[in-house]
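Listing of upload_5.tsv, TSV, C-alpha atoms
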```
chain	number	residue	atom	x	y	z
A	1	MET	CA	-137.21	-109.79	-4.97
A	2	HIS	CA	-140.84	-110.98	-5.21
A	3	ARG	CA	-140.63	-112.77	-1.82
A	4	ILE	CA	-139.18	-109.68	-0.11
A	5	ALA	CA	-141.92	-107.43	-1.55
A	6	SER	CA	-144.74	-109.78	-0.55
A	7	THR	CA	-143.33	-110.12	2.98
A	8	GLY	CA	-143.11	-106.34	3.30
A	9	ILE	CA	-146.63	-105.81	1.99
A	10	ARG	CA	-147.99	-108.48	4.35
A	11	SER	CA	-146.25	-106.82	7.30
A	12	ILE	CA	-147.66	-103.38	6.40
A	13	LEU	CA	-151.19	-104.81	6.03
A	14	ARG	CA	-151.00	-106.59	9.41
A	15	SER	CA	-149.91	-103.35	11.07
A	16	ALA	CA	-152.73	-101.42	9.38
A	17	LEU	CA	-155.26	-104.03	10.49
A	18	ARG	CA	-154.10	-103.80	14.13
A	19	ILE	CA	-154.60	-100.04	14.00
A	20	ALA	CA	-158.02	-100.17	12.28
A	21	ASP	CA	-159.49	-103.20	14.10
A	22	SER	CA	-160.68	-102.35	17.61
A	23	ALA	CA	-162.16	-105.80	18.35
A	24	GLU	CA	-159.20	-107.01	20.41
A	25	SER	CA	-159.07	-103.86	22.53
A	26	SER	CA	-162.83	-104.18	23.17
A	27	ASP	CA	-162.58	-107.77	24.40
A	28	GLY	CA	-163.53	-107.99	28.07
A	29	GLN	CA	-164.59	-104.35	28.27
A	30	PRO	CA	-168.03	-103.25	29.57
A	31	PHE	CA	-170.75	-103.14	26.93
A	32	SER	CA	-171.47	-99.54	25.98
A	33	GLU	CA	-173.01	-99.52	22.49
A	34	PRO	CA	-176.63	-100.76	22.54
A	35	GLU	CA	-177.15	-99.39	19.01
A	36	ILE	CA	-175.17	-102.36	17.65
A	37	LEU	CA	-178.02	-104.67	18.73
A	38	LEU	CA	-180.15	-103.59	15.74
A	39	PRO	CA	-181.18	-105.89	12.87
A	40	HIS	CA	-179.57	-104.18	9.86
A	41	LEU	CA	-182.12	-105.41	7.32
A	42	ARG	CA	-181.75	-102.72	4.67
A	43	SER	CA	-178.24	-101.54	5.36
A	44	ARG	CA	-175.73	-101.02	2.60
A	45	ARG	CA	-172.93	-101.01	5.18
A	46	TYR	CA	-173.81	-104.23	7.03
A	47	GLY	CA	-174.61	-107.46	5.17
A	48	TRP	CA	-175.73	-109.43	8.21
A	49	THR	CA	-176.57	-109.28	11.91
A	50	HIS	CA	-175.99	-111.91	14.60
A	51	PHE	CA	-178.21	-112.49	17.62
A	52	GLY	CA	-177.16	-115.10	20.15
A	53	VAL	CA	-178.06	-116.27	23.65
A	54	MET	CA	-176.07	-119.02	25.34
A	55	ILE	CA	-176.88	-120.11	28.89
A	56	PRO	CA	-174.82	-122.92	30.48
A	57	ASP	CA	-175.37	-125.00	33.63
A	58	LEU	CA	-179.16	-125.30	33.54
A	59	PRO	CA	-180.87	-128.03	35.56
A	60	GLU	CA	-181.62	-131.42	33.99
A	61	PRO	CA	-182.95	-132.29	31.50
A	62	HIS	CA	-182.01	-129.06	29.68
A	63	ARG	CA	-178.38	-128.56	30.86
A	64	PHE	CA	-177.93	-125.56	28.50
A	65	PHE	CA	-179.82	-123.25	26.20
A	66	SER	CA	-178.32	-122.02	22.97
A	67	MET	CA	-179.81	-119.74	20.34
A	68	MET	CA	-177.81	-118.40	17.42
A	69	SER	CA	-179.17	-116.51	14.45
A	70	LEU	CA	-177.66	-114.99	11.35
A	71	VAL	CA	-179.84	-112.39	9.66
A	72	GLY	CA	-178.67	-111.74	6.09
A	73	ALA	CA	-175.79	-113.26	4.15
A	74	THR	CA	-172.48	-113.73	5.94
A	75	GLY	CA	-170.55	-114.74	2.85
A	76	SER	CA	-169.25	-117.88	4.57
A	77	VAL	CA	-169.83	-121.31	3.04
A	78	ALA	CA	-170.76	-122.85	6.40
A	79	PHE	CA	-173.80	-120.58	6.80
A	80	ASP	CA	-174.79	-119.47	3.29
A	81	ASN	CA	-176.22	-122.77	2.12
A	82	ASP	CA	-178.26	-122.09	-1.03
A	83	ASP	CA	-180.25	-125.32	-0.60
A	84	ALA	CA	-181.50	-124.26	2.83
A	85	ILE	CA	-182.30	-120.55	2.48
A	86	ALA	CA	-185.92	-119.42	2.51
A	87	GLY	CA	-185.39	-116.25	0.44
A	88	SER	CA	-182.55	-114.60	-1.36
A	89	PRO	CA	-179.26	-114.72	0.62
A	90	ARG	CA	-179.50	-111.07	1.72
A	91	ARG	CA	-183.13	-111.56	2.75
A	92	ASN	CA	-182.80	-114.77	4.76
A	93	ALA	CA	-182.61	-115.35	8.50
A	94	ALA	CA	-181.19	-118.60	9.88
A	95	LEU	CA	-181.85	-119.85	13.40
A	96	VAL	CA	-180.23	-122.68	15.36
A	97	ALA	CA	-181.56	-123.19	18.88
A	98	GLY	CA	-182.24	-125.75	21.54
A	99	THR	CA	-181.44	-127.39	24.84
A	100	ALA	CA	-180.20	-130.87	25.67
A	101	ALA	CA	-183.89	-131.81	26.12
A	102	SER	CA	-185.00	-130.52	22.70
A	103	HIS	CA	-182.82	-132.87	20.65
A	104	PRO	CA	-182.85	-132.87	17.71
A	105	ALA	CA	-182.09	-129.18	17.94
A	106	HIS	CA	-184.03	-126.64	15.91
A	107	PHE	CA	-182.66	-125.34	12.61
A	108	GLY	CA	-184.75	-123.09	10.42
A	109	ASN	CA	-184.51	-120.52	7.66
A	110	TYR	CA	-186.97	-117.65	7.36
A	111	ALA	CA	-187.65	-115.18	4.55
A	112	PHE	CA	-187.69	-111.44	5.35
A	113	GLY	CA	-191.20	-110.02	5.37
A	114	ASP	CA	-192.79	-113.48	5.29
A	115	THR	CA	-191.72	-115.87	8.05
A	116	PHE	CA	-189.09	-113.48	9.46
A	117	VAL	CA	-190.09	-110.08	10.81
A	118	ALA	CA	-187.93	-107.49	12.54
A	119	GLU	CA	-188.49	-103.90	13.52
A	120	PRO	CA	-185.67	-101.51	12.53
A	121	ASP	CA	-185.27	-100.42	16.16
A	122	GLY	CA	-184.77	-104.04	17.28
A	123	SER	CA	-187.87	-104.08	19.50
A	124	LEU	CA	-189.15	-107.17	17.67
A	125	VAL	CA	-187.24	-109.99	15.98
A	126	ARG	CA	-189.52	-112.93	15.08
A	127	PHE	CA	-188.51	-116.23	13.51
A	128	GLY	CA	-191.88	-117.53	12.26
A	129	ASP	CA	-193.88	-119.11	15.07
A	130	ASP	CA	-190.71	-120.61	16.55
A	131	LEU	CA	-188.96	-117.86	18.50
A	132	THR	CA	-189.57	-114.18	19.24
A	133	LEU	CA	-187.21	-111.64	20.78
A	134	THR	CA	-188.87	-108.44	22.04
A	135	GLY	CA	-187.78	-105.42	24.05
A	136	SER	CA	-185.06	-102.83	23.95
A	137	TYR	CA	-181.73	-102.37	25.67
A	138	PRO	CA	-181.25	-103.42	28.39
A	139	GLU	CA	-184.41	-105.56	28.88
A	140	TYR	CA	-185.46	-108.32	26.44
A	141	ARG	CA	-187.83	-111.28	26.38
A	142	LEU	CA	-187.18	-114.42	24.37
A	143	ALA	CA	-190.17	-116.72	23.89
A	144	GLY	CA	-191.10	-119.63	21.70
A	145	ARG	CA	-191.31	-123.38	21.33
A	146	LEU	CA	-188.40	-125.44	20.02
A	147	GLY	CA	-188.39	-129.21	19.72
A	148	GLY	CA	-191.17	-129.61	22.29
A	149	VAL	CA	-189.52	-127.24	24.79
A	150	ASP	CA	-191.21	-123.98	25.74
A	151	ILE	CA	-188.81	-121.05	25.96
A	152	ALA	CA	-189.72	-118.08	28.16
A	153	LEU	CA	-186.74	-115.97	29.22
A	154	ARG	CA	-186.28	-112.46	30.52
A	155	LEU	CA	-182.81	-111.23	29.56
A	156	THR	CA	-181.06	-108.21	31.04
A	157	ASN	CA	-177.97	-106.81	29.34
A	158	THR	CA	-175.53	-105.02	31.59
A	159	ASP	CA	-172.52	-102.81	31.11
A	160	THR	CA	-170.38	-105.21	33.13
A	161	THR	CA	-168.22	-108.07	31.94
A	162	ARG	CA	-169.98	-110.58	34.17
A	163	SER	CA	-173.48	-111.81	33.34
A	164	THR	CA	-176.41	-111.50	35.71
A	165	SER	CA	-179.00	-114.13	36.45
A	166	THR	CA	-181.59	-115.06	33.86
A	167	SER	CA	-185.07	-116.08	34.87
A	168	GLY	CA	-188.34	-117.05	33.28
A	169	TYR	CA	-191.25	-114.63	33.25
```
As structure tokens, how would this structure be written, given the file I've shared?
Amino acid sequence: MHRIASTGIRSILRSALRIADSAESSDGQPFSEPEILLPHLRSRRYGWTHFGVMIPDLPEPHRFFSMMSLVGATGSVAFDNDDAIAGSPRRNAALVAGTAASHPAHFGNYAFGDTFVAEPDGSLVRFGDDLTLTGSYPEYRLAGRLGGVDIALRLTNTDTTRSTSTSGY
């Protein structure tokens, strides 16, 4: 009887998740919610925010650019490393970034209000002196210096599923 009940409960929960989770239906759709690009620093609803920029097929010696940040605590062991955080878990920002030419790649942790600064409207997200994201939807600038490589990008978000060109400024 226990196995039948647990199978039934699991089936009901999977069905409920498919109804409540809109992520799959949003996959591949045009971007239409710029308000989700905000750094939720003091939110009770959101525990963390992710910013990421990945650009493939760059000329040598860079080949690619990758920047990934997690602002706040994700609750996952891979990212919430107590030995590496700069502040408390909810008040820490982690940044991994680099190109093939900036090896070893950059990894840093920044404490809110000290080495990490972000405006509530998302117009400024600064990881110490390493990397700064400025602007508002749809135009952003990403600038900094990582592993001896200067980063100066102008990024344009679009409501299409295909990316547009990225150029320096």
>> Under the rule that all atoms listed in the file are counted, which of A:His106, A:Arg126, A:Arg3, A:Arg90 is the nearest residue to Trp48 in chain A?
In response: A:Arg90
> By how many Å are CA of Asp57 in chain A and CA of Leu142 in chain A apart?
Replying inline: 18.4 Å
> With distances taken over all atoms listed in the file, which of A:Val77, A:Ala118, A:Val149, A:Leu131 is nearest to Ser102 in chain A?
Replying inline: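 When distances to Ser102 in chain A are compared using all atoms listed in the file, the smallest one comes from A:Val149.
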>> Env of range 132-140 of chain A: 6 Å cut, atoms = all atoms listed in the file, seq-sep filter 3 positions within chain, self excluded. Answer as a list in words.
In response: Ser123, Leu124, Val125, Arg126, Ala143, Arg154, Leu155, Thr156 and Asn157 of chain A
>> Please compute the CA of Thr7 in chain A-CA of Ile19 in chain A distance, one decimal, in Å.
In response: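 For CA of Thr7 in chain A relative to CA of Ile19 in chain A, the distance reads 18.7 Å.
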> Using only C-alpha atoms, which of the listed residues (A:Val117, A:Gly122, A:Gly128, A:Ala97) sits closest to Ile55 in chain A?
Replying inline: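 Result for the nearest residue to Ile55 in chain A: A:Ala97.
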Output as lines of an AutoDock Vina configuration file the centre and edge lengths (Å, one decimal) of the box along x, y and z of the file that holds every listed atom of range 52-62 of chain A after adding 6 Å on each side.
```
center_x = -178.9
center_y = -123.7
center_z = 27.9
size_x = 20.1
size_y = 29.2
size_z = 27.4
```
> Interatomic distance between CA of Ser66 in chain A and CA of Gly98 in chain A?
Replying inline: 5.6 Å
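Nearest to Val53 in chain A of all the residues A:Val71, A:Ile85, A:Ile12, A:Leu95 is A:Leu95, counting all atoms listed in the file.
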>> Ranking A:Ala93, A:Ala101, A:Ala84, A:Ile36 by minimum distance to Phe65 in chain A and counting only C-alpha atoms, which one comes first?
In response: A:Ala101
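Each of A:Ala100, A:Thr74, A:His50, A:Gly148 was checked against His62 in chain A using only C-alpha atoms; the smallest atom-to-atom distance is that of A:Ala100.
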Can I get a file of range 53-68 of chain A from the given structure, all heavy atoms kept, as a short mmCIF file (atom, residue, chain, number, x, y, z; two decimals), in the first residue's frame?
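New file out.cif:
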```cif
data_model
loop_
_atom_site.label_atom_id
_atom_site.label_comp_id
_atom_site.auth_asym_id
_atom_site.auth_seq_id
_atom_site.Cartn_x
_atom_site.Cartn_y
_atom_site.Cartn_z
N VAL A 53 26.85 36.60 -19.28
CA VAL A 53 27.11 36.98 -20.67
C VAL A 53 28.07 35.93 -21.22
O VAL A 53 29.14 35.72 -20.66
CB VAL A 53 27.76 38.38 -20.77
CG1 VAL A 53 28.12 38.71 -22.22
CG2 VAL A 53 26.86 39.45 -20.18
N MET A 54 27.67 35.27 -22.29
CA MET A 54 28.52 34.28 -22.93
C MET A 54 28.58 34.60 -24.42
O MET A 54 27.55 34.67 -25.07
CB MET A 54 27.97 32.86 -22.73
CG MET A 54 28.08 32.33 -21.33
SD MET A 54 26.80 33.05 -20.29
CE MET A 54 27.16 32.34 -18.72
N ILE A 55 29.78 34.80 -24.92
CA ILE A 55 29.97 35.15 -26.33
C ILE A 55 30.95 34.16 -26.94
O ILE A 55 32.13 34.16 -26.58
CB ILE A 55 30.49 36.59 -26.48
CG1 ILE A 55 29.57 37.57 -25.77
CG2 ILE A 55 30.66 36.94 -27.97
CD1 ILE A 55 30.11 38.98 -25.68
N PRO A 56 30.49 33.31 -27.87
CA PRO A 56 31.39 32.34 -28.51
C PRO A 56 32.05 32.92 -29.76
O PRO A 56 31.71 34.01 -30.21
CB PRO A 56 30.43 31.21 -28.89
CG PRO A 56 29.15 31.93 -29.20
CD PRO A 56 29.10 33.10 -28.24
N ASP A 57 32.97 32.16 -30.32
CA ASP A 57 33.54 32.41 -31.65
C ASP A 57 34.23 33.76 -31.79
O ASP A 57 34.13 34.41 -32.83
CB ASP A 57 32.47 32.26 -32.74
CG ASP A 57 31.82 30.89 -32.72
OD1 ASP A 57 32.54 29.89 -32.47
OD2 ASP A 57 30.60 30.82 -32.93
N LEU A 58 34.94 34.19 -30.76
CA LEU A 58 35.72 35.42 -30.85
C LEU A 58 37.06 35.12 -31.53
O LEU A 58 37.52 33.98 -31.52
CB LEU A 58 35.97 36.01 -29.46
CG LEU A 58 34.73 36.52 -28.71
CD1 LEU A 58 35.12 37.00 -27.32
CD2 LEU A 58 34.03 37.61 -29.49
N PRO A 59 37.70 36.14 -32.10
CA PRO A 59 39.01 35.91 -32.73
C PRO A 59 40.06 35.50 -31.69
O PRO A 59 39.92 35.77 -30.50
CB PRO A 59 39.36 37.25 -33.36
CG PRO A 59 38.28 38.20 -33.01
CD PRO A 59 37.23 37.49 -32.22
N GLU A 60 41.12 34.87 -32.17
CA GLU A 60 42.26 34.52 -31.32
C GLU A 60 42.86 35.80 -30.77
O GLU A 60 42.83 36.82 -31.42
CB GLU A 60 43.32 33.75 -32.12
CG GLU A 60 42.89 32.39 -32.57
CD GLU A 60 42.73 31.39 -31.43
OE1 GLU A 60 43.33 31.60 -30.36
OE2 GLU A 60 41.99 30.43 -31.61
N PRO A 61 43.40 35.83 -29.59
CA PRO A 61 43.61 34.69 -28.70
C PRO A 61 42.44 34.45 -27.73
O PRO A 61 42.51 33.57 -26.91
CB PRO A 61 44.85 35.10 -27.92
CG PRO A 61 44.69 36.58 -27.76
CD PRO A 61 44.05 37.04 -29.06
N HIS A 62 41.38 35.22 -27.83
CA HIS A 62 40.30 35.14 -26.84
C HIS A 62 39.37 33.94 -27.04
O HIS A 62 38.99 33.30 -26.08
CB HIS A 62 39.51 36.45 -26.81
CG HIS A 62 40.36 37.61 -26.49
ND1 HIS A 62 40.90 37.81 -25.25
CD2 HIS A 62 40.80 38.62 -27.26
CE1 HIS A 62 41.63 38.90 -25.26
NE2 HIS A 62 41.60 39.42 -26.48
N ARG A 63 38.95 33.69 -28.25
CA ARG A 63 38.06 32.58 -28.65
C ARG A 63 36.66 32.65 -28.05
O ARG A 63 35.71 32.29 -28.71
CB ARG A 63 38.69 31.22 -28.35
CG ARG A 63 39.93 30.98 -29.19
CD ARG A 63 40.42 29.61 -29.05
NE ARG A 63 41.10 29.47 -27.77
CZ ARG A 63 41.78 28.41 -27.41
NH1 ARG A 63 41.83 27.36 -28.19
NH2 ARG A 63 42.38 28.37 -26.26
N PHE A 64 36.50 33.09 -26.82
CA PHE A 64 35.18 33.22 -26.19
C PHE A 64 35.30 34.23 -25.05
O PHE A 64 36.39 34.55 -24.60
CB PHE A 64 34.69 31.87 -25.61
CG PHE A 64 35.53 31.39 -24.46
CD1 PHE A 64 35.24 31.78 -23.15
CD2 PHE A 64 36.63 30.58 -24.68
CE1 PHE A 64 36.04 31.36 -22.09
CE2 PHE A 64 37.42 30.16 -23.63
CZ PHE A 64 37.13 30.55 -22.33
N PHE A 65 34.16 34.72 -24.62
CA PHE A 65 34.09 35.49 -23.39
C PHE A 65 32.94 34.90 -22.58
O PHE A 65 31.87 34.62 -23.11
CB PHE A 65 33.80 36.98 -23.64
CG PHE A 65 33.54 37.74 -22.37
CD1 PHE A 65 34.58 38.07 -21.52
CD2 PHE A 65 32.25 38.08 -22.00
CE1 PHE A 65 34.33 38.74 -20.34
CE2 PHE A 65 32.00 38.75 -20.81
CZ PHE A 65 33.05 39.09 -19.98
N SER A 66 33.20 34.73 -21.30
CA SER A 66 32.17 34.19 -20.42
C SER A 66 32.21 34.93 -19.10
O SER A 66 33.26 35.12 -18.51
CB SER A 66 32.42 32.70 -20.18
OG SER A 66 31.46 32.19 -19.28
N MET A 67 31.04 35.37 -18.66
CA MET A 67 30.89 36.04 -17.38
C MET A 67 29.63 35.47 -16.72
O MET A 67 28.57 35.45 -17.32
CB MET A 67 30.76 37.54 -17.57
CG MET A 67 30.40 38.31 -16.34
SD MET A 67 28.63 38.61 -16.30
CE MET A 67 28.48 39.71 -14.95
N MET A 68 29.78 34.94 -15.53
CA MET A 68 28.64 34.42 -14.79
C MET A 68 28.74 34.92 -13.36
O MET A 68 29.80 34.85 -12.74
CB MET A 68 28.62 32.89 -14.78
CG MET A 68 27.39 32.35 -14.07
SD MET A 68 27.36 30.58 -13.91
CE MET A 68 28.17 30.39 -12.33
#
```
